[in-house]
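Next up, work.cif (mmCIF, N, CA and C atoms):
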```cif
data_protein
loop_
_atom_site.label_atom_id
_atom_site.label_comp_id
_atom_site.auth_asym_id
_atom_site.auth_seq_id
_atom_site.Cartn_x
_atom_site.Cartn_y
_atom_site.Cartn_z
N MET A 1 12.45 5.82 -12.04
CA MET A 1 12.62 4.92 -10.92
C MET A 1 11.30 4.81 -10.16
N ALA A 2 10.95 3.60 -9.78
CA ALA A 2 9.72 3.35 -9.03
C ALA A 2 9.86 3.89 -7.60
N ARG A 3 8.76 4.32 -7.07
CA ARG A 3 8.75 4.86 -5.70
C ARG A 3 8.96 3.72 -4.71
N LEU A 4 9.86 3.91 -3.75
CA LEU A 4 10.16 2.90 -2.73
C LEU A 4 9.47 3.18 -1.41
N ALA A 5 9.11 4.46 -1.18
CA ALA A 5 8.48 4.86 0.07
C ALA A 5 7.47 5.96 -0.20
N PHE A 6 6.49 6.06 0.69
CA PHE A 6 5.40 7.00 0.51
C PHE A 6 5.16 7.79 1.79
N THR A 7 4.84 9.07 1.66
CA THR A 7 4.31 9.80 2.80
C THR A 7 2.86 9.35 2.95
N ILE A 8 2.20 9.76 4.00
CA ILE A 8 0.80 9.38 4.20
C ILE A 8 -0.05 9.90 3.05
N LYS A 9 0.18 11.13 2.64
CA LYS A 9 -0.59 11.71 1.54
C LYS A 9 -0.34 10.93 0.24
N GLN A 10 0.91 10.62 -0.05
CA GLN A 10 1.24 9.88 -1.26
C GLN A 10 0.64 8.47 -1.23
N ALA A 11 0.66 7.83 -0.07
CA ALA A 11 0.08 6.50 0.07
C ALA A 11 -1.43 6.55 -0.18
N ALA A 12 -2.07 7.58 0.33
CA ALA A 12 -3.51 7.74 0.11
C ALA A 12 -3.82 7.94 -1.37
N GLU A 13 -3.03 8.75 -2.03
CA GLU A 13 -3.24 9.01 -3.46
C GLU A 13 -2.98 7.76 -4.30
N ALA A 14 -1.95 7.01 -3.95
CA ALA A 14 -1.58 5.83 -4.72
C ALA A 14 -2.56 4.67 -4.54
N THR A 15 -3.21 4.60 -3.38
CA THR A 15 -4.07 3.46 -3.07
C THR A 15 -5.55 3.80 -3.06
N CYS A 16 -5.90 5.08 -3.12
CA CYS A 16 -7.30 5.52 -3.02
C CYS A 16 -7.90 5.17 -1.66
N VAL A 17 -7.05 5.10 -0.65
CA VAL A 17 -7.49 4.89 0.73
C VAL A 17 -7.42 6.23 1.44
N ASN A 18 -8.42 6.52 2.24
CA ASN A 18 -8.49 7.78 2.98
C ASN A 18 -7.27 7.95 3.88
N GLU A 19 -6.73 9.16 3.92
CA GLU A 19 -5.57 9.44 4.78
C GLU A 19 -5.85 9.10 6.24
N ASP A 20 -7.07 9.36 6.71
CA ASP A 20 -7.43 9.05 8.10
C ASP A 20 -7.32 7.55 8.38
N ASP A 21 -7.72 6.73 7.41
CA ASP A 21 -7.62 5.28 7.59
C ASP A 21 -6.16 4.84 7.67
N ILE A 22 -5.32 5.48 6.90
CA ILE A 22 -3.89 5.16 6.93
C ILE A 22 -3.29 5.56 8.27
N VAL A 23 -3.65 6.74 8.75
CA VAL A 23 -3.15 7.20 10.06
C VAL A 23 -3.63 6.27 11.17
N LYS A 24 -4.90 5.86 11.12
CA LYS A 24 -5.44 4.93 12.13
C LYS A 24 -4.69 3.60 12.09
N ALA A 25 -4.38 3.11 10.90
CA ALA A 25 -3.66 1.84 10.77
C ALA A 25 -2.25 1.96 11.34
N ILE A 26 -1.62 3.09 11.13
CA ILE A 26 -0.28 3.32 11.69
C ILE A 26 -0.37 3.38 13.21
N SER A 27 -1.34 4.12 13.73
CA SER A 27 -1.52 4.27 15.17
C SER A 27 -1.81 2.95 15.87
N SER A 28 -2.57 2.09 15.20
CA SER A 28 -2.94 0.80 15.80
C SER A 28 -1.86 -0.26 15.63
N GLY A 29 -0.86 0.02 14.80
CA GLY A 29 0.21 -0.94 14.57
C GLY A 29 -0.05 -1.87 13.40
N GLU A 30 -1.19 -1.71 12.72
CA GLU A 30 -1.50 -2.55 11.57
C GLU A 30 -0.58 -2.25 10.38
N LEU A 31 -0.17 -1.01 10.27
CA LEU A 31 0.68 -0.56 9.17
C LEU A 31 1.95 0.04 9.76
N THR A 32 3.08 -0.43 9.28
CA THR A 32 4.36 0.04 9.79
C THR A 32 4.80 1.29 9.04
N SER A 33 5.24 2.28 9.80
CA SER A 33 5.82 3.47 9.19
C SER A 33 7.11 3.79 9.91
N ARG A 34 7.92 4.59 9.27
CA ARG A 34 9.18 5.05 9.85
C ARG A 34 9.16 6.56 9.85
N VAL A 35 9.91 7.16 10.74
CA VAL A 35 9.98 8.62 10.78
C VAL A 35 11.33 9.05 10.26
N ILE A 36 11.30 9.86 9.21
CA ILE A 36 12.51 10.41 8.63
C ILE A 36 12.35 11.92 8.60
N ARG A 37 13.23 12.60 9.29
CA ARG A 37 13.18 14.06 9.37
C ARG A 37 11.79 14.55 9.73
N ASP A 38 11.24 14.00 10.80
CA ASP A 38 9.94 14.40 11.35
C ASP A 38 8.76 14.13 10.42
N LYS A 39 8.91 13.23 9.46
CA LYS A 39 7.82 12.89 8.55
C LYS A 39 7.64 11.37 8.52
N ALA A 40 6.39 10.93 8.65
CA ALA A 40 6.10 9.50 8.57
C ALA A 40 6.28 9.02 7.14
N VAL A 41 6.99 7.92 6.98
CA VAL A 41 7.24 7.33 5.66
C VAL A 41 6.84 5.87 5.73
N ILE A 42 6.12 5.41 4.71
CA ILE A 42 5.67 4.03 4.63
C ILE A 42 6.41 3.36 3.47
N LEU A 43 7.11 2.28 3.76
CA LEU A 43 7.82 1.57 2.70
C LEU A 43 6.83 0.81 1.83
N LYS A 44 7.13 0.70 0.56
CA LYS A 44 6.24 0.06 -0.41
C LYS A 44 5.83 -1.35 0.01
N PRO A 45 6.77 -2.22 0.44
CA PRO A 45 6.36 -3.57 0.84
C PRO A 45 5.38 -3.58 2.03
N ASP A 46 5.57 -2.64 2.96
CA ASP A 46 4.67 -2.55 4.11
C ASP A 46 3.27 -2.12 3.66
N LEU A 47 3.20 -1.17 2.74
CA LEU A 47 1.92 -0.69 2.24
C LEU A 47 1.20 -1.80 1.46
N GLU A 48 1.94 -2.51 0.62
CA GLU A 48 1.34 -3.61 -0.14
C GLU A 48 0.80 -4.70 0.78
N ALA A 49 1.58 -5.08 1.78
CA ALA A 49 1.15 -6.12 2.72
C ALA A 49 -0.10 -5.70 3.48
N TRP A 50 -0.15 -4.45 3.89
CA TRP A 50 -1.31 -3.94 4.61
C TRP A 50 -2.55 -3.95 3.72
N LEU A 51 -2.40 -3.54 2.48
CA LEU A 51 -3.54 -3.55 1.56
C LEU A 51 -4.07 -4.96 1.32
N LEU A 52 -3.17 -5.91 1.21
CA LEU A 52 -3.59 -7.28 0.94
C LEU A 52 -4.32 -7.92 2.11
N GLU A 53 -4.24 -7.33 3.30
CA GLU A 53 -4.97 -7.82 4.46
C GLU A 53 -6.43 -7.37 4.45
N TRP A 54 -6.76 -6.38 3.64
CA TRP A 54 -8.13 -5.87 3.58
C TRP A 54 -9.01 -6.92 2.91
N PRO A 55 -10.15 -7.27 3.50
CA PRO A 55 -11.04 -8.26 2.89
C PRO A 55 -11.48 -7.86 1.47
N CYS A 56 -11.68 -6.59 1.24
CA CYS A 56 -12.14 -6.16 -0.09
C CYS A 56 -11.06 -6.40 -1.15
N TRP A 57 -9.78 -6.35 -0.79
CA TRP A 57 -8.71 -6.63 -1.75
C TRP A 57 -8.61 -8.12 -1.99
N GLN A 58 -8.82 -8.92 -0.94
CA GLN A 58 -8.71 -10.37 -1.07
C GLN A 58 -9.83 -10.93 -1.94
N ALA A 59 -10.99 -10.27 -1.94
CA ALA A 59 -12.15 -10.77 -2.66
C ALA A 59 -12.17 -10.37 -4.13
N GLN A 60 -11.24 -9.56 -4.57
CA GLN A 60 -11.25 -9.07 -5.93
C GLN A 60 -10.47 -10.02 -6.84
N PRO A 61 -11.16 -10.80 -7.68
CA PRO A 61 -10.44 -11.72 -8.56
C PRO A 61 -9.60 -11.01 -9.61
N ASN A 62 -9.94 -9.77 -9.95
CA ASN A 62 -9.17 -9.05 -10.96
C ASN A 62 -7.82 -8.57 -10.44
N LEU A 63 -7.55 -8.72 -9.15
CA LEU A 63 -6.24 -8.37 -8.62
C LEU A 63 -5.26 -9.53 -8.79
N ARG A 64 -5.76 -10.66 -9.19
CA ARG A 64 -4.91 -11.82 -9.34
C ARG A 64 -4.66 -12.07 -10.82
N ALA A 65 -3.42 -12.27 -11.14
CA ALA A 65 -3.04 -12.51 -12.53
C ALA A 65 -2.42 -13.90 -12.64
N VAL A 66 -2.87 -14.67 -13.59
CA VAL A 66 -2.32 -16.02 -13.78
C VAL A 66 -1.12 -15.91 -14.71
N ASP A 67 -0.01 -16.43 -14.26
CA ASP A 67 1.21 -16.47 -15.05
C ASP A 67 1.12 -17.69 -15.95
N SER A 68 0.99 -17.48 -17.24
CA SER A 68 0.78 -18.58 -18.17
C SER A 68 1.98 -19.52 -18.24
N ALA A 69 3.17 -19.01 -17.98
CA ALA A 69 4.36 -19.86 -18.07
C ALA A 69 4.39 -20.88 -16.94
N SER A 70 4.05 -20.45 -15.73
CA SER A 70 4.11 -21.37 -14.59
C SER A 70 2.74 -21.84 -14.13
N ALA A 71 1.68 -21.25 -14.69
CA ALA A 71 0.29 -21.57 -14.33
C ALA A 71 0.04 -21.36 -12.85
N SER A 72 0.76 -20.45 -12.24
CA SER A 72 0.54 -20.15 -10.83
C SER A 72 -0.18 -18.82 -10.71
N THR A 73 -0.85 -18.64 -9.59
CA THR A 73 -1.58 -17.40 -9.35
C THR A 73 -0.73 -16.52 -8.45
N SER A 74 -0.62 -15.24 -8.81
CA SER A 74 0.14 -14.30 -8.00
C SER A 74 -0.61 -12.99 -7.93
N VAL A 75 -0.29 -12.21 -6.92
CA VAL A 75 -0.92 -10.90 -6.76
C VAL A 75 -0.13 -9.89 -7.55
N SER A 76 -0.83 -9.09 -8.31
CA SER A 76 -0.18 -8.07 -9.11
C SER A 76 -0.69 -6.70 -8.70
N MET A 77 0.20 -5.86 -8.15
CA MET A 77 -0.17 -4.51 -7.73
C MET A 77 0.89 -3.54 -8.22
N LYS A 78 0.46 -2.36 -8.57
CA LYS A 78 1.39 -1.33 -8.93
C LYS A 78 1.09 -0.10 -8.10
N LEU A 79 2.02 0.26 -7.25
CA LEU A 79 1.88 1.45 -6.42
C LEU A 79 2.83 2.49 -6.97
N SER A 80 2.27 3.49 -7.60
CA SER A 80 3.09 4.56 -8.12
C SER A 80 2.30 5.84 -8.05
N PRO A 81 2.98 6.96 -7.96
CA PRO A 81 2.26 8.22 -7.89
C PRO A 81 1.47 8.47 -9.17
N SER A 82 0.32 9.09 -9.03
CA SER A 82 -0.53 9.34 -10.19
C SER A 82 -0.05 10.50 -11.04
N ALA A 83 0.78 11.35 -10.46
CA ALA A 83 1.29 12.50 -11.23
C ALA A 83 2.73 12.33 -11.58
#
```
Any chance you could give the structure as structure tokens?
Amino acid sequence: MARLAFTIKQAAEATCVNEDDIVKAISSGELTSRVIRDKAVILKPDLEAWLLEWPCWQAQPNLRAVDSASASTSVSMKLSPSA
């Protein structure tokens, strides 16, 4: 089963973004997190949306995959734990 939510550490590992940057984004309201049993949890759609706002992600043409059936461009990301 694919991961639906990430702790801060898991989000950092899955995205290669520094944990401090994730914490700052949560603190500033840029990234939404929820608290479950005293632990911050970031839902996958929230993490994906936050990543797509980064200029460096927007500028990467290899993040975009053309669907040959519909000839439309869509963003393709896979967020899953590395272990």
- Query: Given the choices A:Phe6, A:Leu52, A:Lys24, A:Ala14, which gets closest to Ala40 (chain A) if the distance is worked out from all atoms listed in the file?
  - Reply: A:Phe6
- Item | Interatomic distance (Å, one decimal) between CA of Ala5 (chain A) and atom C of Val41 (chain A) | 6.0 Å
- Query: Closest to Leu47 (chain A) among A:Ser27, A:Asn18, A:Thr32, A:Gln10, using only N, CA and C atoms?
  - Reply: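 Selected residue with least distance to Leu47 (chain A): A:Thr32.
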- Message: Once the PyMOL selection byres (((chain A and resi 45 and name CA) around 12) and name CA) has been evaluated on this model, what residues remain selected, and can you format them as a VMD selection string?
- Response: chain A and resid 3 to 6 11 31 to 33 41 to 44 46 to 52 77 to 79
Go ahead and save the residues from that selection, with N, CA and C atoms, as a compact mmCIF listing (two decimals), in the frame of the given file.
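The file below, out-v8.txt, is the result:
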```txt
# COMPACT_ATOMS: atom_id res chain seq x y z
N ARG A 3 8.76 4.32 -7.07
CA ARG A 3 8.75 4.86 -5.70
C ARG A 3 8.96 3.72 -4.71
N LEU A 4 9.86 3.91 -3.75
CA LEU A 4 10.16 2.90 -2.73
C LEU A 4 9.47 3.18 -1.41
N ALA A 5 9.11 4.46 -1.18
CA ALA A 5 8.48 4.86 0.07
C ALA A 5 7.47 5.96 -0.20
N PHE A 6 6.49 6.06 0.69
CA PHE A 6 5.40 7.00 0.51
C PHE A 6 5.16 7.79 1.79
N ALA A 11 0.66 7.83 -0.07
CA ALA A 11 0.08 6.50 0.07
C ALA A 11 -1.43 6.55 -0.18
N LEU A 31 -0.17 -1.01 10.27
CA LEU A 31 0.68 -0.56 9.17
C LEU A 31 1.95 0.04 9.76
N THR A 32 3.08 -0.43 9.28
CA THR A 32 4.36 0.04 9.79
C THR A 32 4.80 1.29 9.04
N SER A 33 5.24 2.28 9.80
CA SER A 33 5.82 3.47 9.19
C SER A 33 7.11 3.79 9.91
N VAL A 41 6.99 7.92 6.98
CA VAL A 41 7.24 7.33 5.66
C VAL A 41 6.84 5.87 5.73
N ILE A 42 6.12 5.41 4.71
CA ILE A 42 5.67 4.03 4.63
C ILE A 42 6.41 3.36 3.47
N LEU A 43 7.11 2.28 3.76
CA LEU A 43 7.82 1.57 2.70
C LEU A 43 6.83 0.81 1.83
N LYS A 44 7.13 0.70 0.56
CA LYS A 44 6.24 0.06 -0.41
C LYS A 44 5.83 -1.35 0.01
N ASP A 46 5.57 -2.64 2.96
CA ASP A 46 4.67 -2.55 4.11
C ASP A 46 3.27 -2.12 3.66
N LEU A 47 3.20 -1.17 2.74
CA LEU A 47 1.92 -0.69 2.24
C LEU A 47 1.20 -1.80 1.46
N GLU A 48 1.94 -2.51 0.62
CA GLU A 48 1.34 -3.61 -0.14
C GLU A 48 0.80 -4.70 0.78
N ALA A 49 1.58 -5.08 1.78
CA ALA A 49 1.15 -6.12 2.72
C ALA A 49 -0.10 -5.70 3.48
N TRP A 50 -0.15 -4.45 3.89
CA TRP A 50 -1.31 -3.94 4.61
C TRP A 50 -2.55 -3.95 3.72
N LEU A 51 -2.40 -3.54 2.48
CA LEU A 51 -3.54 -3.55 1.56
C LEU A 51 -4.07 -4.96 1.32
N LEU A 52 -3.17 -5.91 1.21
CA LEU A 52 -3.59 -7.28 0.94
C LEU A 52 -4.32 -7.92 2.11
N MET A 77 0.20 -5.86 -8.15
CA MET A 77 -0.17 -4.51 -7.73
C MET A 77 0.89 -3.54 -8.22
N LYS A 78 0.46 -2.36 -8.57
CA LYS A 78 1.39 -1.33 -8.93
C LYS A 78 1.09 -0.10 -8.10
N LEU A 79 2.02 0.26 -7.25
CA LEU A 79 1.88 1.45 -6.42
C LEU A 79 2.83 2.49 -6.97
```
- Straight-line distance linking atom C of Ile36 (chain A) with atom N of Lys9 (chain A), stated in Å to one decimal: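 Atom N of Lys9 (chain A) lies 13.6 Å from atom C of Ile36 (chain A).
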- Task: Please return as an MDAnalysis selection string: the residues of region 16-61 of chain A that backbone DSSP assigns to alpha helix (DSSP H).
- Result: chainID A and resid 19:28 44:52 55:58
- Can you tell me, as a list in words, what residues are no more than 10 Å from Ala12 (chain A) when counting only C-alpha atoms, ignoring any on the same chain fewer than 6 positions away? Phe6, Asn18, Glu19, Asp20, Asp21, Ile22, Val23 and Pro81 of chain A
